[in-house]
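Presented below is the structure to which this report refers.
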Amino acid sequence: MEKSTRFIGYAGCALLVLGLIGWALQLTGGLLAGSGMTNIFLWGLMIAMFAFMVGFGAGAQIVASAIFLTGREELMGLARTASAIGLACVGAAGIAILADLGAIRNILFMLTGLNFNSPLAWDMMAMTAFVILSVVQLVMIARNSSQVKIWATLAGACAVVLQIIEGLLFSLQSVHAWWATPIMPIDFLAVAVVSGSALVLFIACMKGTDSTGLAWLARLCAIAVAVHLVLALADLGLVALEGSPVSDGVLAAIGGQLPLYVAELILPAAGMIILFATMRSPKGTPKMIASALIVVGILAHRLMLLYPAYNAPSLYLTLSGTDSVTGPYPISTGRYLDWDTTFALGTNYMPAPVEWLAALLPIGVAIVGTFVILWAMKKISSTATR
Amino acid sequence: MRFAMAIDLDRCIGCRTCAVICKDFNAQPQGIWWNRVFTSGTPEYDVAVKVDDQLRMEFVPISCQHCTNAPCQTVCPTQATYTDPDTGTVLVDYDRCIGCRMCASACPYGVRQFNWGAPAKMAGLGGTELEYGYPEPYHDGEHLVYAPHRPEGVMEKCTFCAQYTSQGKEPVCCRSCPGNARIFGDMDDPSSPIRAYLKDKEPFFLGEEYHTEPNIYYLAAHKVTQVNQVPASADGKEA
Ligand code: SF4
Ligand code: SF4
Ligand code: SF4
């Protein structure tokens, strides 16, 4: 194993252990009490990590499927790694959801009492289907089977469905104007391709993949970023044009997190420009920098999924007999004990230290999971060829 | 049966008795409020707003609207949130809730309250803890929908005082309101107090844009009984 690969493996183990400590602290110290969330800001860093990881998982699989389907010989080795990353990241996203539950002791009801109308139920079903298809695909790849293309297509299609369902999880909540747009599920798909291709491109640069392969990945990533940015700006435009008190609230909440919002647009845009400019160059470093910028930008994007949704009030009351005197209605924060704040319109969410720690868990799971899957594939390969 | 409540804003004096008694009789942990009262048109409590050169203050109590088309129920993955078929009341089974907070995220009225940590009883003087609330757990069939000591990490909200209404009593907020602004009853029963009260009146609903079909009927405060002109010199001196 190369030195850098070994380092990533050790780092993954360390993140996994730290994340487990964070989760254990949250569970023993009063469930989610050690967090910055409130009854207004209901989902925090862990859900941002969930959306981030599931994007990488589905995206890596979509890229892998595209490589298998187009038969790009120079990228076949990478497609194998990308498929393994896909499974590990979706597994990590599942862990993130579990780690975010307040009463995991009741989790069996997700099996015995599942509500098929709930987008969270669709999500669980899509994730399970993806895991099954992905495992079969990985076994086929390891065995060098002639059916790889078929299973890669199925796993890729499932990744697309999974991403659309993730988008629906948010966009069906009509109460949050920031989410309730038809653009959201499509953008989730675009973000997946951005994340997956940026990650695979980064690994390709590390591995010294040949320039044709790098150019193909760089083009895919840059185009996906362009599509995502157009969709993100269209989303903003829809909200800005609405001109209602609710949409004004969303714009104010965006303004309250301007550096983060600027980061989510500027960083991927900068990465995209670098990729377009250096597409044909055999040099890996600019592409690695571009991929890193894009990944950080997408993390900012995932965090910005939450602020303008939760810090924009959804209920405005109009004084009887007037249609002009309108005001937002406060919510009980549920965090009086921690902050002495009983009612508020928004809360300035900042993840607590223990939340940062717990958020390392899905990253650790994704890295260690990838290594374990690749190792298992190697084992299956060697048994098959014996 | 379809339980419902009318809230007459003409009668509400903004005393917040309903909020406090709801908290007490339902043993709500510290920091948790199922029912709250704010002033319409401003984000603050007890603040007047200026309309046509005069100041007006209108109080609006809000608790769970017991929506017929409840988004909280639709999104709940474990069916912990359900509608009681006998009364139309939207309830949460504490023993089924996984604490995913999907329901609170989907509720337009901000009435769902989550136990972020180990629920704490209200503090008394000298470091004491107050014991309050209906003393026994209450099950609706198999569902645990009220417990004086709340489990950790679950969602809670107004139950239409299920532990009392199941005994034929009125919800405590209705019984305690000094202005008799809250009227409870069965909308399917033509002789119920709520049907009688709403007769010939035109109620309105909160958040109609969310199509939740609430079962809380609001009556607008139309009567302006006293005209307190704001002197022109007061303009520009607003905070
Ligand atoms: S007001 Fe909110 S919590 Fe109550 S039934 Fe409607 S959506 Fe559910
Ligand atoms: S928090 Fe509980 S009641 Fe709410 S959606 Fe999740 S499982 Fe259902
Ligand atoms: S009906 Fe009972 S639970 Fe609901 S607001 Fe009134 S007092 Fe509270």
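So you can find residues: chains in the structure tokens are A, B, ... in the order shown, residues in each start at 1, and ligands are numbered from 1 in order.
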query = Would you name the residues within 9 Å of ligand 2, counting only C-alpha atoms and all ligand atoms, and put them as a PyMOL selection string?
reply = (chain A and resi 101-103+106-107+109-110+118+120) or (chain B and resi 72-82+91-94+96-106+112+114+153-156)
message = Near chain B, meaning an atom within 7 Å, which residues of chain A appear when counting only C-alpha atoms? Write them as a PyMOL selection string.
response = chain A and resi 30-33+39+42+101-104+106-107+109-110+113-115+117-121+173+175+314-315+317-321+325-332+334-337+342
Generate the output file for the selected residues, N, CA and C atoms, as a short mmCIF file (atom, residue, chain, number, x, y, z; two decimals), in the first residue's frame.
data_model
loop_
_atom_site.label_atom_id
_atom_site.label_comp_id
_atom_site.auth_asym_id
_atom_site.auth_seq_id
_atom_site.Cartn_x
_atom_site.Cartn_y
_atom_site.Cartn_z
N GLY A 30 -27.41 12.97 27.75
CA GLY A 30 -28.75 13.52 27.55
C GLY A 30 -29.06 13.65 26.08
N LEU A 31 -28.88 12.57 25.36
CA LEU A 31 -29.20 12.51 23.93
C LEU A 31 -28.62 13.69 23.18
N LEU A 32 -29.48 14.54 22.64
CA LEU A 32 -28.95 15.61 21.80
C LEU A 32 -28.73 16.89 22.60
N ALA A 33 -28.72 16.78 23.92
CA ALA A 33 -28.61 18.00 24.73
C ALA A 33 -27.34 18.76 24.40
N ASN A 39 -35.90 24.05 18.92
CA ASN A 39 -37.17 23.70 18.29
C ASN A 39 -37.45 24.56 17.07
N LEU A 42 -34.15 22.71 13.74
CA LEU A 42 -34.40 21.33 14.16
C LEU A 42 -33.36 20.32 13.68
N LEU A 101 -30.74 10.66 15.73
CA LEU A 101 -32.05 10.37 16.33
C LEU A 101 -32.03 10.64 17.83
N GLY A 102 -33.14 11.15 18.32
CA GLY A 102 -33.25 11.41 19.75
C GLY A 102 -33.57 10.16 20.55
N ALA A 103 -34.29 9.22 19.94
CA ALA A 103 -34.72 8.03 20.68
C ALA A 103 -34.46 6.80 19.83
N ILE A 104 -33.18 6.48 19.65
CA ILE A 104 -32.81 5.35 18.80
C ILE A 104 -33.34 4.04 19.39
N ASN A 106 -36.20 3.29 19.96
CA ASN A 106 -37.47 2.91 19.33
C ASN A 106 -37.31 2.59 17.84
N ILE A 107 -36.07 2.39 17.39
CA ILE A 107 -35.78 2.29 15.96
C ILE A 107 -36.49 1.10 15.29
N PHE A 109 -39.40 0.36 15.22
CA PHE A 109 -40.66 0.77 14.59
C PHE A 109 -40.45 1.24 13.14
N MET A 110 -39.20 1.48 12.78
CA MET A 110 -38.91 1.80 11.38
C MET A 110 -39.13 0.55 10.52
N GLY A 113 -43.42 -0.62 11.97
CA GLY A 113 -44.55 0.32 11.84
C GLY A 113 -44.30 1.36 10.78
N LEU A 114 -43.57 1.00 9.74
CA LEU A 114 -43.16 1.99 8.74
C LEU A 114 -44.37 2.68 8.08
N ASN A 115 -44.30 3.99 8.02
CA ASN A 115 -45.34 4.78 7.36
C ASN A 115 -44.89 5.03 5.92
N ASN A 117 -46.05 6.69 3.64
CA ASN A 117 -46.24 8.05 3.10
C ASN A 117 -45.09 8.97 3.47
N SER A 118 -44.24 8.53 4.39
CA SER A 118 -43.18 9.42 4.87
C SER A 118 -41.97 9.41 3.95
N PRO A 119 -41.49 10.58 3.56
CA PRO A 119 -40.28 10.62 2.73
C PRO A 119 -39.09 9.95 3.42
N LEU A 120 -39.09 9.92 4.75
CA LEU A 120 -37.99 9.25 5.45
C LEU A 120 -38.07 7.73 5.23
N ALA A 121 -39.30 7.22 5.07
CA ALA A 121 -39.48 5.80 4.76
C ALA A 121 -38.99 5.53 3.33
N GLN A 173 -41.50 19.64 2.07
CA GLN A 173 -41.87 20.39 3.28
C GLN A 173 -42.26 21.81 2.87
N VAL A 175 -43.67 24.04 4.16
CA VAL A 175 -43.57 25.07 5.19
C VAL A 175 -42.26 25.87 5.06
N SER A 314 -42.31 30.65 9.34
CA SER A 314 -43.27 30.17 8.34
C SER A 314 -44.67 30.70 8.61
N LEU A 315 -44.90 31.16 9.84
CA LEU A 315 -46.27 31.58 10.17
C LEU A 315 -46.29 33.09 10.43
N LEU A 317 -48.94 36.33 11.05
CA LEU A 317 -50.33 36.65 11.40
C LEU A 317 -50.64 38.07 10.98
N THR A 318 -51.87 38.25 10.52
CA THR A 318 -52.31 39.57 10.12
C THR A 318 -53.34 40.06 11.13
N LEU A 319 -53.21 41.27 11.55
CA LEU A 319 -54.15 41.84 12.52
C LEU A 319 -55.56 41.85 11.94
N SER A 320 -56.54 41.43 12.72
CA SER A 320 -57.93 41.36 12.25
C SER A 320 -58.35 42.68 11.61
N GLY A 321 -59.03 42.58 10.49
CA GLY A 321 -59.58 43.76 9.86
C GLY A 321 -58.57 44.55 9.05
N VAL A 325 -51.05 44.78 8.21
CA VAL A 325 -50.23 44.68 9.43
C VAL A 325 -49.95 43.21 9.72
N THR A 326 -48.78 42.78 9.32
CA THR A 326 -48.45 41.36 9.38
C THR A 326 -47.16 41.17 10.17
N GLY A 327 -47.10 40.12 10.95
CA GLY A 327 -45.86 39.85 11.68
C GLY A 327 -45.65 38.37 11.86
N PRO A 328 -44.38 37.95 12.00
CA PRO A 328 -44.09 36.53 12.23
C PRO A 328 -44.44 36.13 13.66
N TYR A 329 -44.72 34.86 13.86
CA TYR A 329 -45.15 34.37 15.17
C TYR A 329 -44.03 33.54 15.80
N PRO A 330 -43.63 33.90 17.02
CA PRO A 330 -42.48 33.21 17.64
C PRO A 330 -42.77 31.75 18.02
N ILE A 331 -41.69 31.01 18.21
CA ILE A 331 -41.75 29.58 18.55
C ILE A 331 -40.98 29.38 19.85
N SER A 332 -41.43 28.42 20.66
CA SER A 332 -40.69 28.12 21.88
C SER A 332 -39.42 27.33 21.51
N GLY A 334 -37.37 25.57 23.27
CA GLY A 334 -37.11 24.29 23.94
C GLY A 334 -35.74 24.27 24.61
N ARG A 335 -35.02 25.39 24.58
CA ARG A 335 -33.67 25.41 25.15
C ARG A 335 -33.54 26.46 26.25
N TYR A 336 -34.66 26.70 26.95
CA TYR A 336 -34.66 27.71 28.00
C TYR A 336 -33.56 27.44 29.02
N LEU A 337 -33.40 26.16 29.37
CA LEU A 337 -32.43 25.81 30.41
C LEU A 337 -31.01 26.19 30.02
N THR A 342 -36.81 31.73 25.88
CA THR A 342 -38.00 30.89 25.80
C THR A 342 -38.59 30.90 24.41
#
request  = Tell me, in Å to one decimal, how far CA of Ala376 (chain A) is from CA of Leu16 (chain A).
outcome  =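 Going from CA of Ala376 (chain A) over to CA of Leu16 (chain A), I get 19.3 Å.
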d(CA of Met279 (chain A), CA of Ala215 (chain A)) in Å = 5.1 Å
inquiry  = Counting only C-alpha atoms and all ligand atoms, what are the residues, protein, DNA or RNA alike, that approach ligand 3 to within 8 Å? I want them as a PyMOL selection string.
reply    = chain B and resi 18-19+21-23+25-26+34-35+62-64+157-162+171-174
message = I'd like the contact shell of region 51-59 of chain A - 6 Å cut-off, only C-alpha atoms, skipping same-chain residues fewer than 2 positions apart - returned as a list in words.
response =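 Skipping anything fewer than 2 positions along the chain leaves Ala48, Met49, Gln61, Ile62, Gly86, Cys89, Val90, Ala93, Ala159, Ala192, Val193, Ser195 and Gly196 of chain A.
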ask   = Pick from A:Tyr349, A:Leu75, A:Leu238, A:Ser281: nearest to Pro182 (chain A), with only C-alpha atoms counted?
value =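 Nearest candidate to Pro182 (chain A) out of A:Tyr349, A:Leu75, A:Leu238, A:Ser281: A:Leu238.
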query = Can you tell me how far CA of Ala129 (chain A) sits from CA of Ala152 (chain A), in Å to one decimal?
reply =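 Between CA of Ala129 (chain A) and CA of Ala152 (chain A) the gap is 13.3 Å.
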inquiry  = I'd like the neighbourhood of region 251-262 of chain A as a VMD selection string, where a residue qualifies if any of its atoms comes within 7 Å (using only C-alpha atoms), though same-chain residues fewer than 6 positions away should be ignored.
reply    = chain A and resid 300 304 307 to 308 311 to 312
request  = Determine the nearest neighbour of Leu214 (chain A) from the options A:Leu87, A:Leu78, A:Leu20, A:Ala232, counting only C-alpha atoms.
outcome  =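 Result for the nearest residue to Leu214 (chain A): A:Leu78.
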task = List every residue of region 125-171 of chain B that DSSP, applied to the backbone of this structure, places in strand (DSSP E), and write the result as a list in words.
result =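 Strand (DSSP E) assignments inside region 125-171 of chain B correspond to Tyr138, His139, Asp140, His143, Leu144, Val145, Tyr146, Met155 and Glu156 of chain B.
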inquiry  = Just list as an MDAnalysis selection string whatever in region 86-182 of chain A DSSP marks as helix (DSSP H, G or I).
reply    = chainID A and resid 86:99 104:106 109:112 119:142 148:171
request  = Find, counting only C-alpha atoms, the residue in A:Ile150, A:Leu265, A:Ile373, A:Leu241 that gets nearest to His228 (chain A).
outcome  =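 Of all the options, A:Leu265 lies closest to His228 (chain A).
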query = In terms of the shortest atom-to-atom distance over only C-alpha atoms, which of A:Ala66, A:Val250, A:Ala88, A:Ala157 is closest to Trp179 (chain A)?
reply =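 Among the listed residues, the smallest separation from Trp179 (chain A) belongs to A:Val250.
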message = Give me, as a PyMOL selection string, all polymer residues having an atom no more than 12 Å from Val230 (chain A), counting only C-alpha atoms and skipping those fewer than 5 positions away in the same chain.
response = chain A and resi 183+186-187+190-191+223-225+235-237+265+268-269
Would you output that residue set with N, CA and C atoms, as a PDB file, in the first residue's frame?
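Output saved as result.pdb:
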ATOM      1  N   ILE A 183     -37.080  22.791  -8.032  1.00  0.00           N
ATOM      2  CA  ILE A 183     -35.662  22.718  -8.423  1.00  0.00           C
ATOM      3  C   ILE A 183     -34.869  21.825  -7.468  1.00  0.00           C
ATOM      4  N   ILE A 186     -33.887  18.184  -8.379  1.00  0.00           N
ATOM      5  CA  ILE A 186     -32.988  18.147  -9.549  1.00  0.00           C
ATOM      6  C   ILE A 186     -31.595  18.608  -9.123  1.00  0.00           C
ATOM      7  N   ASP A 187     -31.578  19.637  -8.283  1.00  0.00           N
ATOM      8  CA  ASP A 187     -30.282  20.132  -7.826  1.00  0.00           C
ATOM      9  C   ASP A 187     -29.580  19.097  -6.949  1.00  0.00           C
ATOM     10  N   ALA A 190     -27.771  17.045  -9.326  1.00  0.00           N
ATOM     11  CA  ALA A 190     -26.601  17.757  -9.864  1.00  0.00           C
ATOM     12  C   ALA A 190     -25.474  17.783  -8.833  1.00  0.00           C
ATOM     13  N   VAL A 191     -25.843  18.045  -7.572  1.00  0.00           N
ATOM     14  CA  VAL A 191     -24.827  18.113  -6.511  1.00  0.00           C
ATOM     15  C   VAL A 191     -24.152  16.749  -6.332  1.00  0.00           C
ATOM     16  N   ILE A 223     -18.883  20.549 -15.842  1.00  0.00           N
ATOM     17  CA  ILE A 223     -20.249  20.738 -16.387  1.00  0.00           C
ATOM     18  C   ILE A 223     -21.277  20.579 -15.264  1.00  0.00           C
ATOM     19  N   ALA A 224     -21.051  19.580 -14.399  1.00  0.00           N
ATOM     20  CA  ALA A 224     -21.997  19.370 -13.284  1.00  0.00           C
ATOM     21  C   ALA A 224     -22.025  20.596 -12.370  1.00  0.00           C
ATOM     22  N   VAL A 225     -20.852  21.180 -12.104  1.00  0.00           N
ATOM     23  CA  VAL A 225     -20.813  22.388 -11.263  1.00  0.00           C
ATOM     24  C   VAL A 225     -21.610  23.503 -11.937  1.00  0.00           C
ATOM     25  N   ASP A 235     -32.946  28.929  -7.931  1.00  0.00           N
ATOM     26  CA  ASP A 235     -33.648  28.762  -6.654  1.00  0.00           C
ATOM     27  C   ASP A 235     -33.715  30.091  -5.902  1.00  0.00           C
ATOM     28  N   LEU A 236     -32.568  30.754  -5.851  1.00  0.00           N
ATOM     29  CA  LEU A 236     -32.495  32.053  -5.175  1.00  0.00           C
ATOM     30  C   LEU A 236     -33.419  33.057  -5.869  1.00  0.00           C
ATOM     31  N   GLY A 237     -33.387  33.027  -7.213  1.00  0.00           N
ATOM     32  CA  GLY A 237     -34.219  33.943  -7.998  1.00  0.00           C
ATOM     33  C   GLY A 237     -35.703  33.732  -7.705  1.00  0.00           C
ATOM     34  N   LEU A 265     -21.132  29.457  -3.354  1.00  0.00           N
ATOM     35  CA  LEU A 265     -21.174  29.786  -4.784  1.00  0.00           C
ATOM     36  C   LEU A 265     -19.776  29.970  -5.367  1.00  0.00           C
ATOM     37  N   PRO A 268     -17.101  26.513  -5.581  1.00  0.00           N
ATOM     38  CA  PRO A 268     -17.292  25.627  -6.740  1.00  0.00           C
ATOM     39  C   PRO A 268     -17.074  26.369  -8.067  1.00  0.00           C
ATOM     40  N   ALA A 269     -17.465  27.657  -8.108  1.00  0.00           N
ATOM     41  CA  ALA A 269     -17.274  28.417  -9.355  1.00  0.00           C
ATOM     42  C   ALA A 269     -15.783  28.513  -9.679  1.00  0.00           C
TER      43      ALA A 269
END
